[in-house]
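Asker: The structure file model.cif (mmCIF, C-alpha atoms) is provided below.
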data_input
loop_
_atom_site.group_PDB
_atom_site.id
_atom_site.type_symbol
_atom_site.label_atom_id
_atom_site.label_comp_id
_atom_site.auth_asym_id
_atom_site.auth_seq_id
_atom_site.Cartn_x
_atom_site.Cartn_y
_atom_site.Cartn_z
ATOM 1 C CA MET N 1 -18.700 -30.940 -19.203
ATOM 2 C CA ALA N 2 -14.975 -30.932 -19.920
ATOM 3 C CA SER N 3 -12.939 -33.711 -18.414
ATOM 4 C CA LYS N 4 -10.553 -32.821 -15.642
ATOM 5 C CA LYS N 5 -6.892 -32.791 -16.473
ATOM 6 C CA VAL N 6 -4.176 -34.382 -14.348
ATOM 7 C CA ARG N 7 -0.742 -32.814 -14.387
ATOM 8 C CA ILE N 8 2.152 -35.221 -14.721
ATOM 9 C CA GLN N 9 5.832 -34.445 -14.750
ATOM 10 C CA THR N 10 8.451 -36.904 -15.816
ATOM 11 C CA THR N 11 11.609 -37.387 -17.842
ATOM 12 C CA ILE N 12 12.166 -39.829 -20.673
ATOM 13 C CA ASP N 13 15.173 -41.232 -22.454
ATOM 14 C CA LYS N 14 16.721 -38.787 -24.938
ATOM 15 C CA ASP N 15 16.719 -41.379 -27.745
ATOM 16 C CA ILE N 16 12.991 -42.044 -27.203
ATOM 17 C CA TYR N 17 12.316 -38.321 -27.336
ATOM 18 C CA GLU N 18 14.362 -37.769 -30.499
ATOM 19 C CA LYS N 19 13.325 -40.913 -32.373
ATOM 20 C CA ILE N 20 9.674 -41.260 -31.354
ATOM 21 C CA VAL N 21 8.290 -38.082 -29.811
ATOM 22 C CA LEU N 22 9.780 -35.736 -32.416
ATOM 23 C CA LYS N 23 8.656 -38.091 -35.205
ATOM 24 C CA TRP N 24 4.981 -37.999 -34.120
ATOM 25 C CA LEU N 25 4.709 -34.540 -32.567
ATOM 26 C CA PRO N 26 3.913 -32.738 -35.860
ATOM 27 C CA LYS N 27 0.866 -34.971 -36.388
ATOM 28 C CA PHE N 28 -0.537 -34.363 -32.879
ATOM 29 C CA GLU N 29 0.727 -30.762 -32.493
ATOM 30 C CA ARG N 30 0.789 -30.902 -28.686
ATOM 31 C CA LEU N 31 2.794 -33.245 -26.494
ATOM 32 C CA ASN N 32 -0.164 -34.017 -24.247
ATOM 33 C CA ALA N 33 -2.291 -35.048 -27.291
ATOM 34 C CA LEU N 34 0.516 -37.332 -28.488
ATOM 35 C CA LEU N 35 0.937 -38.942 -25.048
ATOM 36 C CA GLU N 36 -2.810 -39.450 -24.607
ATOM 37 C CA GLU N 37 -3.096 -41.183 -27.997
ATOM 38 C CA ALA N 38 0.004 -43.290 -27.314
ATOM 39 C CA LEU N 39 -1.506 -44.455 -24.042
ATOM 40 C CA ARG N 40 -4.856 -45.256 -25.719
ATOM 41 C CA VAL N 41 -3.067 -47.366 -28.342
ATOM 42 C CA PHE N 42 -0.920 -49.033 -25.700
ATOM 43 C CA ASP N 43 -3.985 -49.842 -23.613
ATOM 44 C CA SER N 44 -5.908 -51.363 -26.513
ATOM 45 C CA THR N 45 -2.962 -53.418 -27.823
ATOM 46 C CA ALA N 46 -1.646 -54.517 -24.418
ATOM 47 C CA GLU N 47 -5.145 -55.736 -23.610
ATOM 48 C CA HIS N 48 -4.945 -58.109 -26.580
ATOM 49 C CA SER N 49 -1.394 -59.213 -25.765
ATOM 50 C CA LEU N 50 0.196 -58.631 -29.169
ATOM 51 C CA THR N 51 3.457 -60.530 -29.376
ATOM 52 C CA GLN N 52 6.565 -59.958 -31.452
ATOM 53 C CA THR N 53 5.192 -62.604 -33.821
ATOM 54 C CA ASP N 54 1.952 -60.630 -34.176
ATOM 55 C CA TYR N 55 3.903 -57.503 -35.062
ATOM 56 C CA LEU N 56 6.002 -59.519 -37.514
ATOM 57 C CA ALA N 57 2.840 -60.774 -39.242
ATOM 58 C CA ILE N 58 1.574 -57.204 -39.563
ATOM 59 C CA ARG N 59 4.900 -56.078 -41.022
ATOM 60 C CA MET N 60 4.905 -59.021 -43.449
ATOM 61 C CA MET N 61 1.486 -58.016 -44.731
ATOM 62 C CA ARG N 62 2.403 -54.348 -45.104
ATOM 63 C CA GLU N 63 5.998 -54.555 -46.272
ATOM 64 C CA VAL N 64 6.238 -57.856 -48.139
ATOM 65 C CA GLY N 65 2.776 -57.857 -49.696
ATOM 66 C CA MET N 66 1.291 -60.919 -48.009
ATOM 67 C CA PHE N 67 -2.373 -60.983 -47.065
ATOM 68 C CA LEU N 68 -4.515 -62.596 -44.428
ATOM 69 C CA MET N 69 -6.732 -65.518 -45.442
ATOM 70 C CA GLY N 70 -8.982 -67.807 -43.441
ATOM 71 C CA PHE N 71 -8.223 -71.513 -43.204
ATOM 72 C CA GLU N 72 -11.489 -72.512 -44.879
ATOM 73 C CA SER N 73 -10.916 -70.308 -47.923
ATOM 74 C CA GLY N 74 -7.301 -71.416 -48.210
ATOM 75 C CA GLU N 75 -8.276 -75.070 -48.017
ATOM 76 C CA ALA N 76 -11.005 -74.646 -50.637
ATOM 77 C CA ILE N 77 -8.578 -72.917 -53.007
ATOM 78 C CA LEU N 78 -5.935 -75.622 -52.513
ATOM 79 C CA GLU N 79 -8.556 -78.276 -53.259
ATOM 80 C CA GLY N 80 -9.386 -76.423 -56.476
ATOM 81 C CA ASP N 81 -12.878 -75.573 -55.265
ATOM 82 C CA LEU N 82 -13.051 -71.895 -56.154
ATOM 83 C CA GLU N 83 -16.852 -71.906 -55.937
ATOM 84 C CA ARG N 84 -16.709 -72.980 -52.287
ATOM 85 C CA ALA N 85 -14.014 -70.400 -51.535
ATOM 86 C CA ILE N 86 -16.267 -67.691 -52.957
ATOM 87 C CA THR N 87 -19.489 -68.780 -51.271
ATOM 88 C CA GLU N 88 -18.284 -70.303 -47.978
ATOM 89 C CA ASN N 89 -15.721 -67.762 -46.828
ATOM 90 C CA GLU N 90 -15.059 -65.880 -43.617
ATOM 91 C CA ILE N 91 -16.873 -62.612 -44.390
ATOM 92 C CA ARG N 92 -19.948 -63.356 -42.270
ATOM 93 C CA PHE N 93 -17.978 -64.730 -39.336
ATOM 94 C CA LEU N 94 -15.566 -61.782 -39.362
ATOM 95 C CA MET N 95 -18.371 -59.229 -39.576
ATOM 96 C CA GLU N 96 -20.279 -60.820 -36.695
ATOM 97 C CA TRP N 97 -17.068 -61.054 -34.672
ATOM 98 C CA TYR N 98 -16.168 -57.423 -35.367
ATOM 99 C CA TYR N 99 -19.598 -55.981 -34.507
ATOM 100 C CA LYS N 100 -20.330 -58.576 -31.802
ATOM 101 C CA LYS N 101 -23.852 -59.192 -33.080
ATOM 102 C CA PRO N 102 -25.560 -61.569 -35.524
ATOM 103 C CA ILE N 103 -25.648 -60.795 -39.221
ATOM 104 C CA ASP N 104 -29.373 -59.928 -39.188
ATOM 105 C CA LYS N 105 -28.645 -57.097 -36.704
ATOM 106 C CA ILE N 106 -25.871 -55.566 -38.845
ATOM 107 C CA THR N 107 -26.960 -52.657 -41.054
ATOM 108 C CA ILE N 108 -25.918 -52.156 -44.665
ATOM 109 C CA GLU N 109 -23.975 -49.074 -43.524
ATOM 110 C CA GLU N 110 -22.035 -51.178 -41.024
ATOM 111 C CA ALA N 111 -21.456 -53.884 -43.634
ATOM 112 C CA VAL N 112 -20.053 -51.399 -46.147
ATOM 113 C CA GLU N 113 -17.791 -49.871 -43.502
ATOM 114 C CA PHE N 114 -16.601 -53.369 -42.594
ATOM 115 C CA VAL N 115 -15.783 -54.090 -46.244
ATOM 116 C CA LYS N 116 -13.479 -51.072 -46.133
ATOM 117 C CA ILE N 117 -11.930 -52.034 -42.793
ATOM 118 C CA GLY N 118 -11.611 -55.707 -43.722
ATOM 119 C CA LEU N 119 -10.033 -55.143 -47.129
ATOM 120 C CA ILE N 120 -7.387 -52.852 -45.678
ATOM 121 C CA ALA N 121 -6.764 -54.928 -42.527
ATOM 122 C CA THR N 122 -6.232 -58.147 -44.507
ATOM 123 C CA ASN N 123 -4.001 -56.336 -47.031
ATOM 124 C CA ARG N 124 -6.359 -56.978 -49.915
ATOM 125 C CA ALA N 125 -6.588 -53.239 -50.592
ATOM 126 C CA ALA N 126 -4.283 -50.270 -50.291
ATOM 127 C CA ASP N 127 -7.135 -47.768 -50.164
ATOM 128 C CA VAL N 128 -10.944 -47.830 -50.199
ATOM 129 C CA LYS N 129 -13.239 -44.913 -51.027
ATOM 130 C CA ILE N 130 -16.978 -45.080 -50.358
ATOM 131 C CA ARG N 131 -19.632 -42.839 -51.892
ATOM 132 C CA TRP N 132 -23.282 -43.035 -50.920
ATOM 133 C CA ASP N 133 -25.955 -41.865 -53.348
ATOM 134 C CA GLU N 134 -29.699 -41.934 -52.787
ATOM 135 C CA ASN N 135 -30.239 -45.681 -53.386
ATOM 136 C CA GLU N 136 -26.710 -46.764 -54.207
ATOM 137 C CA VAL N 137 -23.320 -47.178 -52.645
ATOM 138 C CA HIS N 138 -20.124 -47.138 -54.672
ATOM 139 C CA ILE N 139 -16.965 -48.689 -53.278
ATOM 140 C CA LEU N 140 -13.749 -47.919 -55.160
ATOM 141 C CA VAL N 141 -10.801 -50.091 -54.161
ATOM 142 C CA SER N 142 -7.135 -49.586 -54.948
ATOM 143 C CA SER N 143 -5.400 -52.970 -54.969
ATOM 144 C CA LYS N 144 -1.974 -54.391 -55.822
ATOM 145 C CA HIS N 145 -3.421 -57.836 -56.519
ATOM 146 C CA GLY N 146 -4.050 -59.116 -60.021
ATOM 147 C CA LYS N 147 -7.262 -59.203 -62.005
ATOM 148 C CA THR N 148 -7.991 -62.878 -61.222
ATOM 149 C CA TRP N 149 -7.700 -62.392 -57.464
ATOM 150 C CA ASN N 150 -9.715 -59.166 -57.516
ATOM 151 C CA THR N 151 -12.454 -60.790 -59.614
ATOM 152 C CA ALA N 152 -12.789 -63.674 -57.140
ATOM 153 C CA LEU N 153 -12.851 -61.230 -54.227
ATOM 154 C CA CYS N 154 -15.518 -59.099 -55.915
ATOM 155 C CA GLU N 155 -17.628 -62.161 -56.606
ATOM 156 C CA ALA N 156 -17.388 -63.235 -52.944
ATOM 157 C CA ILE N 157 -18.410 -59.774 -51.687
ATOM 158 C CA LYS N 158 -21.181 -59.530 -54.306
ATOM 159 C CA ARG N 159 -22.736 -62.859 -53.329
ATOM 160 C CA PHE N 160 -22.406 -62.085 -49.624
ATOM 161 C CA ALA N 161 -24.064 -58.665 -49.970
ATOM 162 C CA GLU N 162 -26.898 -60.000 -52.126
ATOM 163 C CA LEU N 163 -27.588 -62.881 -49.736
ATOM 164 C CA HIS N 164 -27.441 -61.021 -46.423
ATOM 165 C CA PHE N 165 -28.397 -57.441 -47.299
ATOM 166 C CA LYS N 166 -30.845 -57.881 -50.178
ATOM 167 C CA VAL N 167 -28.991 -55.531 -52.521
ATOM 168 C CA ASP N 168 -28.305 -55.834 -56.222
ATOM 169 C CA ALA N 169 -24.534 -55.864 -56.596
ATOM 170 C CA GLU N 170 -22.304 -55.313 -59.604
ATOM 171 C CA TYR N 171 -18.565 -54.955 -59.941
ATOM 172 C CA SER N 172 -15.873 -53.919 -62.386
ATOM 173 C CA VAL N 173 -12.245 -54.953 -62.164
ATOM 174 C CA PHE N 174 -9.449 -52.670 -63.359
ATOM 175 C CA PRO N 175 -5.673 -53.160 -63.623
ATOM 176 C CA HIS N 176 -5.072 -51.561 -60.198
ATOM 177 C CA GLY N 177 -8.249 -52.294 -58.320
ATOM 178 C CA PHE N 178 -11.977 -52.683 -58.599
ATOM 179 C CA GLU N 179 -15.321 -51.025 -57.994
ATOM 180 C CA LEU N 180 -18.328 -52.524 -56.257
ATOM 181 C CA ASN N 181 -21.774 -50.977 -56.694
ATOM 182 C CA PHE N 182 -24.716 -51.906 -54.474
ATOM 183 C CA THR N 183 -28.244 -50.842 -55.369
ATOM 184 C CA LEU N 184 -30.367 -50.760 -52.230
ATOM 185 C CA SER N 185 -33.867 -52.230 -52.287
#
As a first step, turn the structure in this file into C-alpha cells.

Answerer:
Amino acid sequence: MASKKVRIQTTIDKDIYEKIVLKWLPKFERLNALLEEALRVFDSTAEHSLTQTDYLAIRMMREVGMFLMGFESGEAILEGDLERAITENEIRFLMEWYYKKPIDKITIEEAVEFVKIGLIATNRAADVKIRWDENEVHILVSSKHGKTWNTALCEAIKRFAELHFKVDAEYSVFPHGFELNFTLS
C-alpha cells in the first residue's frame, strides 16, 4: 500500500534555493525527493545533537587526512606496544555498538559490511569493494595511508576475523591500499 502524501506549500530564502536546492536537485531529480531526504538526514543528525565541533572533526578527517582512533589503540601505540594495539583494539566494541548485539550474534556478512563502513567512517580507506565467492570474500581497499599503517591494520582485522568468525584470513598490501581475503569454514 502506497503511503499517503501531504501537500505542503512554502517559500524559502533565494540564497538557500540557489546554493543548496539547485546543487542537490540533479541527484534527486524531484524537489519532493530532495526535501524528504533532507528531512530524514536532519532528523537522524538532530537526534544525535551534532555540534559545530562534530562537523569540524568530520571535515578534518575528510579534508585534512586525519583519521579516527580509539584511546586504547592510541595509548598502546604511544607506549610502543604494537602487538597490544593490533590485538586489543576497538573493532569488537565498535561492531557490537553499531549492530546493538553481542559479537556471537553478528554474522560474517554483517562483519564484512562493518569493515567497509568502519574503514570509510574512520578515514582509513577512501573506497572499499567487496566480492563474495562461494567460500571466500575478497575485500579490496583503496587507502592513502602508507604500507606500515596498512599492514598493521590488515593484521588487526585478520586476527579479529579469525578469532570471532572462524575464517582463514590473508592479506596483501599495495602502494595505494590492501586486499583482505577470508576463506569461510

Asker: Fewer than 5 positions away in the same chain doesn't count, so skip those; otherwise give me all residues within 7 Å of stretch 166-181 of chain N, counting only C-alpha atoms, as JSON, numbers by chain.

Answerer: {"N": [136, 137, 138, 139, 140, 141, 142, 143, 144, 147, 150, 151, 154, 158, 161]}

Asker: For N:Glu88, work out the shell of residues within 12 Å, counting only C-alpha atoms and skipping chain neighbours fewer than 5 positions away, then give it as a ChimeraX atom specification.

Answerer: /N:70-77,81-83,93,155-157,159-160

Asker: How many Å lie between atom CA of N:Asn123 and atom CA of N:Ala57, rounded to one decimal?

Answerer: 11.3 Å

Asker: Give me the box for stretch 107-126 of chain N as JSON, namely the centre and edge lengths in Å to one decimal of a box along x, y and z that holds every listed atom plus 6 Å on each side.

Answerer:
{"center_x": -15.5, "center_y": -53.6, "center_z": -45.8, "size_x": 35.0, "size_y": 21.1, "size_z": 21.6}

Asker: What is the distance between atom CA of N:Arg124 and atom CA of N:Met66, in Å to one decimal?

Answerer: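 Going from atom CA of N:Arg124 over to atom CA of N:Met66 covers 8.8 Å.
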
Asker: Take the PyMOL selection byres ((chain N and resi 104-115) around 9), run it mentally on this structure, and tell me the resulting residues as a ChimeraX atom specification.

Answerer: /N:91,95-96,98-99,101-103,116-120,128,130,137,139,157,161,164-165,184

Asker: Just to confirm, what's the straight-line distance from atom CA of N:Phe28 to atom CA of N:Asp127 in Å (one decimal)?

Answerer: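 Answer for the atom CA of N:Phe28 to atom CA of N:Asp127 separation: 22.8 Å.
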
Asker: Which one of N:Ser185, N:Gln9, N:Thr51, N:Asn89 sits closest to N:Asn32 if you count only C-alpha atoms?

Answerer: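 Ranking N:Ser185, N:Gln9, N:Thr51, N:Asn89 by distance to N:Asn32, first place goes to N:Gln9.
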
Asker: Which residues come within 12 Å of N:Arg59, counting only C-alpha atoms, excluding same-chain residues fewer than 5 positions away, as a list of chain:residue names?

Answerer: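 Returned residues: N:Gln52, N:Thr53, N:Asp54, N:Val64, N:Gly65, N:Met66, N:Phe67, N:Leu68, N:Ala121, N:Thr122, N:Asn123.
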